[in-house]
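Report on the structure given below.
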Amino acid sequence: RDLNIAFANELAMICEIYGIDVYEIIKTANSQPYCNILNPGLVGGHCIPMDPYYILSEVERRGYTANLIKEARRINEAMANHVAGMVEGEKVAILGLSFKPDIKAFEHSHTLKLIDALRAKSHEHEIVVHDPFLGDEEFDFRVEKDLYKAVEGADCVILATAHSVYKKINLKEIRKRMKGDLVVDVRGFFDAEAVEAKGLRYKGI
């Protein structure tokens, strides 16, 4: 899975150069037998980011370098910085803290890596995170249980986790509440034309 996602992420980088939709490329490729390219994006959780390192560590002690596995890890780890580079403005609202859609799973979240990348890029970023599964957890960043309060005054909104509740977002209200107009879609979750029709700018992996 890590290798597959890394391949999808590299395809996405290539598609960005040409200004084409990587999801169309993947859908077309996957229409062929024996092809199952996963979607690009940030990799979270415990198993996928960590298990390759067990293999790398073990085989290197035996004198072998698993270059393909190592490069896949490098590509996937670099995606947080890539997404951070898309962000504009100071106040950033991130939608989704869980590493999987529609469950509460904050530990080892890709969103935490993204927050680290944003902070490394600029100490001026004001970050607020919304997730429908937030309870009384405490983090070193602001959390907001109300989605529309989370985006209030934001220069940029990042869709980080594809929770189904986000399909019901009122994009017109989002535009009204934001200070800026940029939506960064990490998951290919929104329809770009629908976002832009509401007066927002759309960026995606």
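Please note that chains go A, B, ... in the order of the structure tokens, that every chain numbers its residues from 1, and that ligands are numbered from 1 in the order shown.
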
Per residue of range 51-100 of chain A within 8 Å of range 184-201 of chain A, record the nearest atom pair and its distance in Å to one decimal, counting only C-alpha atoms, with rows in chain order and ascending residue number, as JSON lines.
```
{"residue": "A:Val83", "atom": "CA", "partner": "A:Val186", "partner_atom": "CA", "distance": 7.5}
{"residue": "A:Met86", "atom": "CA", "partner": "A:Val184", "partner_atom": "CA", "distance": 7.3}
{"residue": "A:Val87", "atom": "CA", "partner": "A:Val184", "partner_atom": "CA", "distance": 7.3}
```

Written selection (N, CA and C atoms) as a compact mmCIF listing (two decimals), in the first residue's frame:
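File again-v6.txt, as written:
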```txt
# COMPACT_ATOMS: atom_id res chain seq x y z
N VAL A 83 1.85 19.85 0.46
CA VAL A 83 0.54 20.46 0.73
C VAL A 83 0.73 21.79 1.45
N MET A 86 1.16 24.70 -0.74
CA MET A 86 -0.01 25.20 -1.46
C MET A 86 -0.75 26.28 -0.67
N VAL A 87 -0.51 26.33 0.63
CA VAL A 87 -1.28 27.18 1.54
C VAL A 87 -0.89 28.64 1.38
```

| Can you tell me, as a list of chain:residue names, what residues are no more than 7 Å from range 157-162 of chain A when counting only C-alpha atoms, ignoring any on the same chain fewer than 6 positions away? |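 Result of the neighbour search: A:Val92, A:Ala93, A:Ile94, A:Leu95, A:Gly96, A:Leu97, A:Ser98, A:Phe99, A:Lys100, A:Pro101, A:Thr111, A:Val151, A:Leu182, A:Val183, A:Val184, A:Asp185, A:Val186, A:Arg187, A:Phe189.
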
| query | In terms of the shortest atom-to-atom distance over only C-alpha atoms, which of A:Glu90, A:Asp102, A:Glu152, A:Asp51 is closest to Arg119 in chain A? | reply | A:Glu90

| task | Please identify all polymer residues within 9 Å of Leu38 in chain A, counting only C-alpha atoms, omitting same-chain residues fewer than 4 positions from it, and present them as a list in words. | result | Arg1, Asn4, Ile5, Phe7, Ala8 and Ile26 of chain A

| task | Can you check which residues of range 9-197 of chain A DSSP gives as strand (DSSP E or B) on the backbone and send them as a list in words? | result | Lys91, Val92, Ala93, Ile94, Leu95, Glu126, Ile127, Val128, Val129, His130, Arg142, Val143, Cys156, Val157, Ile158, Leu159, Leu182, Val183, Val184 and Asp185 of chain A

| Proximity to Gly85 in chain A - best of A:Tyr202, A:Asn30, A:Leu118, A:Glu138, only C-alpha atoms |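 Of A:Tyr202, A:Asn30, A:Leu118, A:Glu138, the one nearest Gly85 in chain A, counting only C-alpha atoms, is A:Leu118.
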
| query | Neighbours of Leu68 in chain A within 8 Å (only C-alpha atoms; same-chain residues fewer than 3 positions away dropped), as an MDAnalysis selection string? | reply | chainID A and resid 3 71:72

Writer output for current selection, N, CA and C atoms, as a short mmCIF file (atom, residue, chain, number, x, y, z; two decimals), in the first residue's frame:
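Listing of result_10.cif after writing:
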```cif
data_model
loop_
_atom_site.label_atom_id
_atom_site.label_comp_id
_atom_site.auth_asym_id
_atom_site.auth_seq_id
_atom_site.Cartn_x
_atom_site.Cartn_y
_atom_site.Cartn_z
N LEU A 3 3.89 1.63 -1.23
CA LEU A 3 4.45 1.76 -2.58
C LEU A 3 3.39 2.27 -3.55
N GLU A 71 12.45 4.80 -1.21
CA GLU A 71 12.01 5.94 -2.02
C GLU A 71 10.52 6.19 -1.86
N ALA A 72 9.74 5.12 -1.75
CA ALA A 72 8.30 5.28 -1.53
C ALA A 72 8.04 6.03 -0.23
#
```

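Distances here use only C-alpha atoms; by that measure, the residue among A:Ile14, A:Leu42, A:Ile115, A:Ile69 closest to Ile55 in chain A is A:Ile69.
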
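Going from CA of Phe133 in chain A over to CA of Ala80 in chain A, you cover 22.5 Å.
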
| Among the residues A:Lys121, A:Asn36, A:His163, A:Ile205, the one that comes closest to Glu10 in chain A [using only C-alpha atoms] |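 Distance minimum relative to Glu10 in chain A lands on A:Ile205.
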
| message | as number ranges by chain, please: every residue in range 3-189 of chain A that DSSP puts in alpha helix (DSSP H). | response | A: 3-18, 22-29, 47-61, 67-86, 110-121, 147-150, 171-177

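Nearest residue to Val128 in chain A among A:Lys168, A:Lys176, A:Lys149, A:His110 is A:Lys149, counting only C-alpha atoms.
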
| request: Identify which of the residues A:Lys91, A:Arg61, A:Arg73, A:Lys113 lies closest to Ile127 in chain A, counting only C-alpha atoms when measuring atom-to-atom distances. | output: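 Nearest candidate to Ile127 in chain A out of A:Lys91, A:Arg61, A:Arg73, A:Lys113: A:Lys91.
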